[in-house]
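Novice: PDB, C-alpha atoms, file my_file.pdb:
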```pdb
ATOM      1  CA  MET A 195     117.893 160.349  45.161
ATOM      2  CA  LEU A 196     115.103 161.878  43.077
ATOM      3  CA  ASP A 197     115.936 165.102  41.302
ATOM      4  CA  MET A 198     114.495 168.177  42.974
ATOM      5  CA  PRO A 199     111.466 168.798  40.706
ATOM      6  CA  THR A 200     110.386 165.148  40.871
ATOM      7  CA  ARG A 201     110.847 164.971  44.618
ATOM      8  CA  THR A 202     108.915 168.187  45.171
ATOM      9  CA  ALA A 203     106.120 167.080  42.841
ATOM     10  CA  ALA A 204     105.778 163.767  44.687
ATOM     11  CA  LEU A 205     105.467 165.549  48.021
ATOM     12  CA  TYR A 206     102.940 168.008  46.673
ATOM     13  CA  GLY A 207     100.815 165.073  45.608
ATOM     14  CA  ARG A 208     100.260 164.316  49.297
ATOM     15  CA  VAL A 209      98.891 167.727  50.201
ATOM     16  CA  ARG A 210      97.482 169.177  46.985
ATOM     17  CA  LYS A 211      93.913 169.068  48.325
ATOM     18  CA  VAL A 212      94.770 171.252  51.321
ATOM     19  CA  VAL A 213      97.684 173.388  50.013
ATOM     20  CA  PRO A 214      96.965 175.628  46.981
ATOM     21  CA  PRO A 215      99.578 175.639  44.172
ATOM     22  CA  MET A 216     100.462 179.276  44.843
ATOM     23  CA  GLU A 217     101.353 178.461  48.452
ATOM     24  CA  TRP A 218     103.323 175.404  47.388
ATOM     25  CA  ALA A 219     105.515 177.556  45.160
ATOM     26  CA  ALA A 220     106.595 179.457  48.279
ATOM     27  CA  PHE A 221     107.251 176.256  50.233
ATOM     28  CA  SER A 222     109.164 174.047  47.808
ATOM     29  CA  ALA A 223     112.648 175.597  48.147
ATOM     30  CA  ASP A 224     112.583 175.288  51.940
ATOM     31  CA  ILE A 225     111.286 171.728  51.739
ATOM     32  CA  ASP A 226     114.096 170.710  49.389
ATOM     33  CA  ALA A 227     116.676 172.339  51.641
ATOM     34  CA  ILE A 228     115.266 170.715  54.790
ATOM     35  CA  LEU A 229     115.293 167.247  53.259
ATOM     36  CA  ASP A 230     118.970 167.677  52.342
ATOM     37  CA  LEU A 231     119.860 169.165  55.739
ATOM     38  CA  LYS A 232     118.243 166.246  57.579
ATOM     39  CA  GLU A 233     120.513 163.853  55.736
ATOM     40  CA  LYS A 234     123.592 166.026  56.193
ATOM     41  CA  ARG A 235     123.044 166.555  59.923
ATOM     42  CA  ASP A 236     121.636 163.120  60.785
ATOM     43  CA  ALA A 237     118.470 164.834  61.956
ATOM     44  CA  VAL A 238     114.888 163.785  62.498
ATOM     45  CA  ILE A 239     111.856 166.082  62.670
ATOM     46  CA  LEU A 240     109.049 165.383  65.141
ATOM     47  CA  ALA A 241     105.830 167.234  64.310
ATOM     48  CA  HIS A 242     102.705 167.608  66.399
ATOM     49  CA  ASN A 243      99.266 167.100  64.867
ATOM     50  CA  TYR A 244      98.694 170.868  64.968
ATOM     51  CA  GLN A 245     101.503 171.646  62.542
ATOM     52  CA  THR A 246     100.563 172.867  59.078
ATOM     53  CA  PRO A 247     100.332 170.258  56.280
ATOM     54  CA  GLU A 248     103.519 171.288  54.480
ATOM     55  CA  ILE A 249     105.436 170.523  57.684
ATOM     56  CA  PHE A 250     103.359 167.583  58.886
ATOM     57  CA  HIS A 251     103.211 165.677  55.586
ATOM     58  CA  CYS A 252     106.310 166.866  53.717
ATOM     59  CA  VAL A 253     109.302 167.206  56.071
ATOM     60  CA  ALA A 254     108.320 165.464  59.319
ATOM     61  CA  ASP A 255     109.647 161.978  60.058
ATOM     62  CA  ILE A 256     107.513 161.296  63.122
ATOM     63  CA  VAL A 257     104.059 162.806  63.673
ATOM     64  CA  GLY A 258     101.379 162.481  66.320
ATOM     65  CA  ASP A 259      99.948 163.799  69.548
ATOM     66  CA  SER A 260     101.989 164.588  72.665
ATOM     67  CA  LEU A 261     101.997 160.974  73.844
ATOM     68  CA  ALA A 262     103.105 159.599  70.478
ATOM     69  CA  LEU A 263     105.885 162.167  70.184
ATOM     70  CA  ALA A 264     107.085 161.386  73.708
ATOM     71  CA  ARG A 265     107.198 157.663  72.967
ATOM     72  CA  LYS A 266     108.868 158.084  69.574
ATOM     73  CA  ALA A 267     111.422 160.542  70.947
ATOM     74  CA  VAL A 268     112.860 157.692  73.010
ATOM     75  CA  GLU A 269     113.324 155.622  69.859
ATOM     76  CA  ALA A 270     114.892 158.358  67.742
ATOM     77  CA  GLU A 271     118.284 157.207  66.467
ATOM     78  CA  ALA A 272     119.319 160.484  64.839
ATOM     79  CA  GLU A 273     121.882 162.757  66.448
ATOM     80  CA  VAL A 274     119.680 165.832  66.087
ATOM     81  CA  ILE A 275     115.973 166.149  66.907
ATOM     82  CA  VAL A 276     113.998 169.121  65.612
ATOM     83  CA  LEU A 277     110.712 169.546  67.444
ATOM     84  CA  ALA A 278     108.055 171.113  65.249
ATOM     85  CA  GLY A 279     105.697 171.954  68.057
ATOM     86  CA  VAL A 280     105.833 174.035  71.203
ATOM     87  CA  HIS A 281     108.536 174.466  73.812
ATOM     88  CA  PHE A 282     107.326 171.971  76.413
ATOM     89  CA  MET A 283     107.385 169.267  73.726
ATOM     90  CA  ALA A 284     110.996 170.096  72.904
ATOM     91  CA  GLU A 285     111.843 169.927  76.600
ATOM     92  CA  THR A 286     110.201 166.507  76.835
ATOM     93  CA  ALA A 287     112.246 165.291  73.867
ATOM     94  CA  LYS A 288     115.396 166.582  75.556
ATOM     95  CA  LEU A 289     114.482 164.905  78.845
ATOM     96  CA  LEU A 290     114.243 161.584  77.049
ATOM     97  CA  ASN A 291     117.338 162.194  74.900
ATOM     98  CA  PRO A 292     119.767 164.041  77.192
ATOM     99  CA  GLU A 293     122.828 163.266  75.066
ATOM    100  CA  LYS A 294     121.300 164.459  71.796
ATOM    101  CA  THR A 295     120.867 167.911  70.319
ATOM    102  CA  VAL A 296     117.215 168.962  70.486
ATOM    103  CA  LEU A 297     116.243 172.083  68.564
ATOM    104  CA  ILE A 298     113.124 174.232  68.817
ATOM    105  CA  PRO A 299     112.849 176.465  65.720
ATOM    106  CA  ASP A 300     111.246 179.355  67.646
ATOM    107  CA  THR A 301     111.701 179.851  71.387
ATOM    108  CA  GLY A 302     108.501 181.894  71.447
ATOM    109  CA  ALA A 303     106.418 178.806  70.656
ATOM    110  CA  GLY A 304     104.915 178.502  74.110
ATOM    111  CA  CYS A 305     101.626 177.275  75.607
ATOM    112  CA  SER A 306      98.940 178.931  77.690
ATOM    113  CA  LEU A 307      98.688 175.811  79.848
ATOM    114  CA  ALA A 308     102.436 175.694  80.497
ATOM    115  CA  ASP A 309     102.337 179.392  81.365
ATOM    116  CA  SER A 310      99.463 178.901  83.830
ATOM    117  CA  ILE A 311     101.490 177.140  86.533
ATOM    118  CA  THR A 312     104.947 177.259  88.115
ATOM    119  CA  ALA A 313     107.038 174.854  90.161
ATOM    120  CA  GLU A 314     106.265 176.952  93.234
ATOM    121  CA  ASP A 315     102.525 176.534  92.569
ATOM    122  CA  VAL A 316     102.955 172.751  92.606
ATOM    123  CA  ARG A 317     104.844 172.896  95.889
ATOM    124  CA  LEU A 318     102.065 174.989  97.387
ATOM    125  CA  MET A 319      99.457 172.477  96.212
ATOM    126  CA  ARG A 320     101.427 169.658  97.821
ATOM    127  CA  ALA A 321     101.545 171.613 101.082
ATOM    128  CA  ARG A 322      97.786 172.191 100.953
ATOM    129  CA  TYR A 323      97.004 168.533 100.170
ATOM    130  CA  PRO A 324      99.744 166.528 101.908
ATOM    131  CA  GLY A 325     100.168 162.983 100.663
ATOM    132  CA  VAL A 326      97.981 163.459  97.558
ATOM    133  CA  PRO A 327      99.895 162.480  94.399
ATOM    134  CA  VAL A 328     100.370 165.035  91.638
ATOM    135  CA  VAL A 329      99.484 164.077  88.057
ATOM    136  CA  THR A 330     100.835 166.683  85.676
ATOM    137  CA  TYR A 331      99.776 167.157  82.081
ATOM    138  CA  VAL A 332     102.709 167.073  79.672
ATOM    139  CA  ASN A 333     101.699 170.590  78.591
ATOM    140  CA  THR A 334     103.952 171.999  81.318
ATOM    141  CA  SER A 335     107.556 173.077  81.789
ATOM    142  CA  ALA A 336     110.282 170.675  82.890
ATOM    143  CA  ALA A 337     110.424 172.574  86.195
ATOM    144  CA  VAL A 338     106.750 171.760  86.865
ATOM    145  CA  LYS A 339     107.201 168.134  85.812
ATOM    146  CA  ALA A 340     110.077 167.893  88.277
ATOM    147  CA  GLU A 341     107.690 168.684  91.152
ATOM    148  CA  SER A 342     105.219 166.000  90.038
ATOM    149  CA  ASP A 343     104.774 162.290  90.670
ATOM    150  CA  ILE A 344     103.773 161.318  87.145
ATOM    151  CA  CYS A 345     102.833 162.935  83.844
ATOM    152  CA  CYS A 346      99.856 162.286  81.593
ATOM    153  CA  THR A 347      98.512 163.316  78.206
ATOM    154  CA  SER A 348      94.940 163.857  77.110
ATOM    155  CA  GLY A 349      95.060 160.368  75.600
ATOM    156  CA  ASN A 350      96.106 158.482  78.749
ATOM    157  CA  ALA A 351      94.973 160.764  81.595
ATOM    158  CA  ARG A 352      92.305 158.440  82.983
ATOM    159  CA  GLN A 353      94.633 155.448  82.759
ATOM    160  CA  VAL A 354      97.368 157.333  84.625
ATOM    161  CA  VAL A 355      94.996 158.590  87.329
ATOM    162  CA  GLU A 356      93.549 155.136  87.979
ATOM    163  CA  SER A 357      96.981 153.456  87.888
ATOM    164  CA  LEU A 358      97.939 155.167  91.128
ATOM    165  CA  GLY A 359      95.366 153.223  93.144
ATOM    166  CA  VAL A 360      94.478 156.169  95.391
ATOM    167  CA  PRO A 361      91.110 157.798  96.208
ATOM    168  CA  ARG A 362      92.111 161.260  95.031
ATOM    169  CA  VAL A 363      94.791 163.027  93.023
ATOM    170  CA  ILE A 364      95.889 166.542  92.184
ATOM    171  CA  MET A 365      95.695 167.019  88.402
ATOM    172  CA  LEU A 366      97.479 170.000  86.858
ATOM    173  CA  PRO A 367      97.154 172.393  85.130
ATOM    174  CA  ASP A 368      94.163 171.987  82.757
ATOM    175  CA  GLU A 369      90.937 172.495  84.686
ATOM    176  CA  TYR A 370      88.698 171.249  81.874
ATOM    177  CA  LEU A 371      90.729 168.119  81.208
ATOM    178  CA  ALA A 372      90.607 167.377  84.935
ATOM    179  CA  GLN A 373      86.842 167.886  85.022
ATOM    180  CA  ASN A 374      86.295 165.709  81.964
ATOM    181  CA  ILE A 375      88.415 162.913  83.428
ATOM    182  CA  ALA A 376      86.650 163.255  86.788
ATOM    183  CA  ALA A 377      83.376 162.488  84.997
ATOM    184  CA  GLU A 378      84.845 159.168  83.816
ATOM    185  CA  THR A 379      86.372 157.872  87.047
ATOM    186  CA  ASP A 380      85.580 157.355  90.719
ATOM    187  CA  VAL A 381      88.882 158.985  91.696
ATOM    188  CA  GLU A 382      88.400 162.433  93.222
ATOM    189  CA  ILE A 383      90.349 164.980  91.200
ATOM    190  CA  ILE A 384      91.619 168.268  92.579
ATOM    191  CA  ALA A 385      92.056 170.633  89.634
ATOM    192  CA  TRP A 386      94.068 173.744  88.818
ATOM    193  CA  LYS A 387      92.666 176.746  86.896
ATOM    194  CA  GLY A 388      94.711 176.521  83.699
ATOM    195  CA  HIS A 389      92.997 176.542  80.298
ATOM    196  CA  CYS A 390      94.077 176.026  76.691
ATOM    197  CA  GLU A 391      93.506 179.276  74.811
ATOM    198  CA  VAL A 392      92.438 177.311  71.731
ATOM    199  CA  HIS A 393      89.964 174.885  73.282
ATOM    200  CA  GLU A 394      88.426 177.113  75.947
ATOM    201  CA  ARG A 395      86.823 179.246  73.222
ATOM    202  CA  PHE A 396      84.537 176.496  71.909
ATOM    203  CA  THR A 397      80.971 176.575  73.274
ATOM    204  CA  PRO A 398      77.893 174.310  73.200
ATOM    205  CA  THR A 399      76.216 176.978  71.076
ATOM    206  CA  ASP A 400      78.935 176.501  68.454
ATOM    207  CA  ILE A 401      78.035 172.813  68.239
ATOM    208  CA  ARG A 402      74.293 173.393  68.058
ATOM    209  CA  GLU A 403      74.761 175.937  65.271
ATOM    210  CA  LEU A 404      77.011 173.528  63.387
ATOM    211  CA  ARG A 405      74.437 170.756  63.635
ATOM    212  CA  GLU A 406      71.745 173.090  62.333
ATOM    213  CA  ALA A 407      73.891 174.295  59.429
ATOM    214  CA  HIS A 408      75.291 170.868  58.577
ATOM    215  CA  PRO A 409      72.692 168.139  59.293
ATOM    216  CA  GLY A 410      74.186 164.784  60.162
ATOM    217  CA  VAL A 411      77.619 166.179  61.040
ATOM    218  CA  SER A 412      79.669 164.172  63.570
ATOM    219  CA  VAL A 413      81.171 166.415  66.240
ATOM    220  CA  LEU A 414      84.495 165.399  67.802
ATOM    221  CA  ALA A 415      85.847 167.411  70.739
ATOM    222  CA  HIS A 416      89.206 167.535  72.464
ATOM    223  CA  PRO A 417      89.060 166.932  76.253
ATOM    224  CA  GLU A 418      90.696 170.319  76.841
ATOM    225  CA  CYS A 419      87.329 171.786  75.810
ATOM    226  CA  PRO A 420      84.884 172.797  78.576
ATOM    227  CA  PRO A 421      82.815 169.871  79.934
ATOM    228  CA  GLU A 422      79.602 171.296  78.492
ATOM    229  CA  VAL A 423      81.214 171.184  75.023
ATOM    230  CA  VAL A 424      82.335 167.595  75.521
ATOM    231  CA  ALA A 425      78.790 166.717  76.646
ATOM    232  CA  GLU A 426      77.347 168.110  73.385
ATOM    233  CA  ALA A 427      79.855 166.261  71.181
ATOM    234  CA  ASP A 428      79.459 162.804  69.658
ATOM    235  CA  PHE A 429      82.973 161.805  70.690
ATOM    236  CA  ALA A 430      85.741 163.251  72.841
ATOM    237  CA  GLY A 431      89.384 162.275  72.721
ATOM    238  CA  SER A 432      92.961 163.263  72.106
ATOM    239  CA  THR A 433      94.084 164.360  68.659
ATOM    240  CA  ALA A 434      95.240 160.795  67.977
ATOM    241  CA  ALA A 435      91.886 159.414  69.119
ATOM    242  CA  MET A 436      90.000 161.867  66.911
ATOM    243  CA  SER A 437      92.085 160.883  63.906
ATOM    244  CA  ASP A 438      91.470 157.196  64.645
ATOM    245  CA  TYR A 439      87.729 157.852  64.985
ATOM    246  CA  VAL A 440      87.571 159.417  61.525
ATOM    247  CA  GLY A 441      89.496 156.494  60.041
ATOM    248  CA  GLN A 442      87.342 153.848  61.690
ATOM    249  CA  ALA A 443      83.858 155.403  61.668
ATOM    250  CA  LYS A 444      84.353 157.206  58.336
ATOM    251  CA  PRO A 445      81.605 159.782  58.954
ATOM    252  CA  ARG A 446      80.270 161.454  55.834
ATOM    253  CA  ARG A 447      80.727 164.871  57.436
ATOM    254  CA  VAL A 448      82.763 165.726  60.529
ATOM    255  CA  VAL A 449      83.903 168.673  62.600
ATOM    256  CA  LEU A 450      86.938 168.575  64.900
ATOM    257  CA  MET A 451      86.651 170.974  67.821
ATOM    258  CA  THR A 452      90.356 171.627  68.093
ATOM    259  CA  GLU A 453      93.237 173.501  66.421
ATOM    260  CA  CYS A 454      92.799 174.374  62.733
ATOM    261  CA  SER A 455      95.602 172.376  61.153
ATOM    262  CA  MET A 456      94.346 169.133  62.682
ATOM    263  CA  SER A 457      91.487 169.006  60.173
ATOM    264  CA  ASP A 458      93.815 169.635  57.246
ATOM    265  CA  ASN A 459      96.191 166.889  58.318
ATOM    266  CA  VAL A 460      93.472 164.280  58.863
ATOM    267  CA  ALA A 461      91.724 165.295  55.630
ATOM    268  CA  VAL A 462      94.827 164.340  53.629
ATOM    269  CA  HIS A 463      94.234 160.694  54.574
ATOM    270  CA  HIS A 464      90.439 160.781  54.213
ATOM    271  CA  PRO A 465      89.466 162.632  51.029
ATOM    272  CA  GLU A 466      86.039 160.955  51.111
ATOM    273  CA  VAL A 467      85.123 162.752  54.362
ATOM    274  CA  GLU A 468      83.826 166.322  54.338
ATOM    275  CA  PHE A 469      85.533 168.374  57.055
ATOM    276  CA  ILE A 470      83.683 171.366  58.466
ATOM    277  CA  ARG A 471      86.275 173.759  59.910
ATOM    278  CA  PRO A 472      85.117 176.096  62.716
ATOM    279  CA  CYS A 473      88.612 175.820  64.181
ATOM    280  CA  ASN A 474      90.663 178.090  66.416
ATOM    281  CA  LEU A 475      94.300 178.812  65.589
ATOM    282  CA  CYS A 476      97.046 178.157  68.119
ATOM    283  CA  PRO A 477      99.330 181.195  67.777
ATOM    284  CA  HIS A 478     102.199 179.269  69.360
ATOM    285  CA  MET A 479     102.075 176.277  67.019
ATOM    286  CA  LYS A 480     101.919 178.658  64.079
ATOM    287  CA  ARG A 481     105.265 180.171  65.058
ATOM    288  CA  ILE A 482     106.882 177.045  63.626
ATOM    289  CA  THR A 483     107.439 177.406  59.880
ATOM    290  CA  LEU A 484     109.419 175.724  57.130
ATOM    291  CA  GLY A 485     111.713 178.741  57.170
ATOM    292  CA  ASN A 486     112.686 178.508  60.821
ATOM    293  CA  ILE A 487     112.965 174.711  60.675
ATOM    294  CA  ARG A 488     115.475 175.220  57.864
ATOM    295  CA  THR A 489     117.333 177.851  59.873
ATOM    296  CA  ALA A 490     117.371 175.602  62.941
ATOM    297  CA  LEU A 491     119.156 172.917  60.960
ATOM    298  CA  GLU A 492     121.495 175.345  59.205
ATOM    299  CA  GLU A 493     122.521 177.275  62.334
ATOM    300  CA  ASN A 494     121.870 174.721  65.091
ATOM    301  CA  ARG A 495     119.314 176.930  66.769
ATOM    302  CA  TYR A 496     117.706 176.949  69.224
ATOM    303  CA  ALA A 497     119.222 174.159  71.327
ATOM    304  CA  VAL A 498     117.127 173.121  74.324
ATOM    305  CA  GLU A 499     118.998 172.902  77.623
ATOM    306  CA  ILE A 500     117.552 171.862  80.997
ATOM    307  CA  ASP A 501     119.140 172.250  84.425
ATOM    308  CA  PRO A 502     120.447 168.750  85.291
ATOM    309  CA  GLN A 503     118.949 168.926  88.791
ATOM    310  CA  VAL A 504     115.528 169.637  87.283
ATOM    311  CA  ALA A 505     115.949 167.243  84.378
ATOM    312  CA  GLY A 506     116.508 164.133  86.493
ATOM    313  CA  ARG A 507     113.294 164.540  88.466
ATOM    314  CA  ALA A 508     111.251 165.655  85.452
ATOM    315  CA  ARG A 509     112.498 162.655  83.458
ATOM    316  CA  GLN A 510     111.237 160.307  86.177
ATOM    317  CA  ALA A 511     107.732 161.751  85.943
ATOM    318  CA  VAL A 512     107.677 161.293  82.162
ATOM    319  CA  GLU A 513     109.182 157.799  82.302
ATOM    320  CA  ARG A 514     106.600 156.701  84.883
ATOM    321  CA  MET A 515     103.905 157.716  82.410
ATOM    322  CA  LEU A 516     105.566 155.873  79.529
ATOM    323  CA  ALA A 517     105.885 152.735  81.642
ATOM    324  CA  ILE A 518     102.108 152.418  82.048
TER     325      ILE A 518
END
```
Here is a file; write its structure as structure tokens.

Specialist:
Amino acid sequence: MLDMPTRTAALYGRVRKVVPPMEWAAFSADIDAILDLKEKRDAVILAHNYQTPEIFHCVADIVGDSLALARKAVEAEAEVIVLAGVHFMAETAKLLNPEKTVLIPDTGAGCSLADSITAEDVRLMRARYPGVPVVTYVNTSAAVKAESDICCTSGNARQVVESLGVPRVIMLPDEYLAQNIAAETDVEIIAWKGHCEVHERFTPTDIRELREAHPGVSVLAHPECPPEVVAEADFAGSTAAMSDYVGQAKPRRVVLMTECSMSDNVAVHHPEVEFIRPCNLCPHMKRITLGNIRTALEENRYAVEIDPQVAGRARQAVERMLAI
């Protein structure tokens, strides 16, 4: 194993363009401790694209969007999974790994979309639209997933909707994602009124002002943004799709209409691209820190538990998505 200073220096080389030296000095002790704890505890860290660079590039073993993390969670061979993301992601990891310990470093890392709908709401929607299948975004609680037919992510939503072979579906809970998918398919989509507190704040005016201030900029929007924002953008897609777009198209200048840390994490791999950053912070994602990841591994907190009666049905909805 590399000695601590060499190991830390090598990791800093990955993120030096997005993490100032003064910040790194505050991070290095926790990073060293986490790397040792992962080995000691047979643990793996899954980090969402919205995590900060020192987590995403320096301690995470598996990174990606919600779909990638769900798929990789199934393949995780470690005994302990630490989910550097929000609570519904940790629940999904637990659903797919019921015999393993899944830790969420901060139980307050929630989601405005997950909070916008309950299991009872889904049952009421089923009663109002009998026989119409329910497609539920993974940004929901296990209890909501358990009342659903199949899950989806922003990256596979259209594919999931069209796989059902029906004329209309109920799609919960993100109203804007549902509207953006409805514009791409002939399937009628009945939407809920949930919104992402990060993406709902972007406006078409933001994009027009960015284009005026930064001529030639490529604008990439997340499909949780309002439809009028997506219509103004050059490309719309999941966080994974946006990252792939930057890698393939290599725009000279780009703006990602999504959570702040996404730009930092993609910029690490594409130093030749100028990233304009009019981002919005997700307060829930930012509750995850190196410090509480370290504490999670040291003290085994906070372990995710799901009612077995809920877990079985919720797992089916996730597995149906993964099978497509």

Novice: Check what the PyMOL selection byres ((chain A and resi 280) around 8) selects in the file above and give those residues as a ChimeraX atom specification.

Specialist: /A:277-279,281-284,298,303-305,478-479

Novice: Applied to this file, what does the PyMOL selection byres ((chain A and resi 381) around 10) return in terms of residues, put as a ChimeraX atom specification?

Specialist: /A:352,355-356,358-363,375-380,382-384

Novice: Please evaluate the PyMOL selection byres ((chain A and resi 444) around 12) against the structure above and give the resulting residues as a PyMOL selection string.

Specialist: chain A and resi 411-412+436-443+445-448+460-461+463-469

Novice: Would you pick out the contacts of A:Ser348 at 8 Å or less, using all atoms listed in the file, so that residues sharing its chain but fewer than 3 positions from it are not included, and give the list as a PyMOL selection string?

Specialist: chain A and resi 331+351+371+417-418+431-432

Novice: Please list as a list in words every residue within 12 Å of A:Asp458, counting all atoms listed in the file and excluding residues in the same chain fewer than 5 positions away.

Specialist: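 Final neighbour list, sorted by chain and number: Arg208, Val209, Arg210, Lys211, Val212, Val213, Asn243, Tyr244, Gln245, Thr246, Pro247, Glu248, Ile249, Phe250, His251, Ser437, Val449, Leu450, Thr452, Glu453, His463, His464, Pro465, Val467, Glu468, Phe469, Ile470, Arg471 and Cys473 of chain A.
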
Novice: For stretch 261-276 of chain A, find every residue with an atom within 8 Å (counting all atoms listed in the file), except residues of its own chain fewer than 3 positions away, and show them as a list of chain:residue names.

Specialist: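 Result of the neighbour search: A:Arg235, A:Asp236, A:Ala237, A:Val238, A:Ile239, A:Leu240, A:Ala241, A:His242, A:Ile256, A:Val257, A:Gly258, A:Met283, A:Ala284, A:Thr286, A:Ala287, A:Leu290, A:Asn291, A:Lys294, A:Thr295, A:Val296, A:Leu297, A:Ile298, A:Pro299, A:Thr347, A:Gly349, A:Ile487, A:Ala490, A:Leu491, A:Leu516.
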
Novice: Would you give the centre and edge lengths, in Å to one decimal, of a box along x, y and z around the listed atoms of stretch 300-309 of chain A, with 6 Å added to each side, as lines of an AutoDock Vina configuration file?

Specialist:
```
center_x = 105.2
center_y = 178.8
center_z = 74.5
size_x = 25.0
size_y = 18.2
size_z = 25.7
```
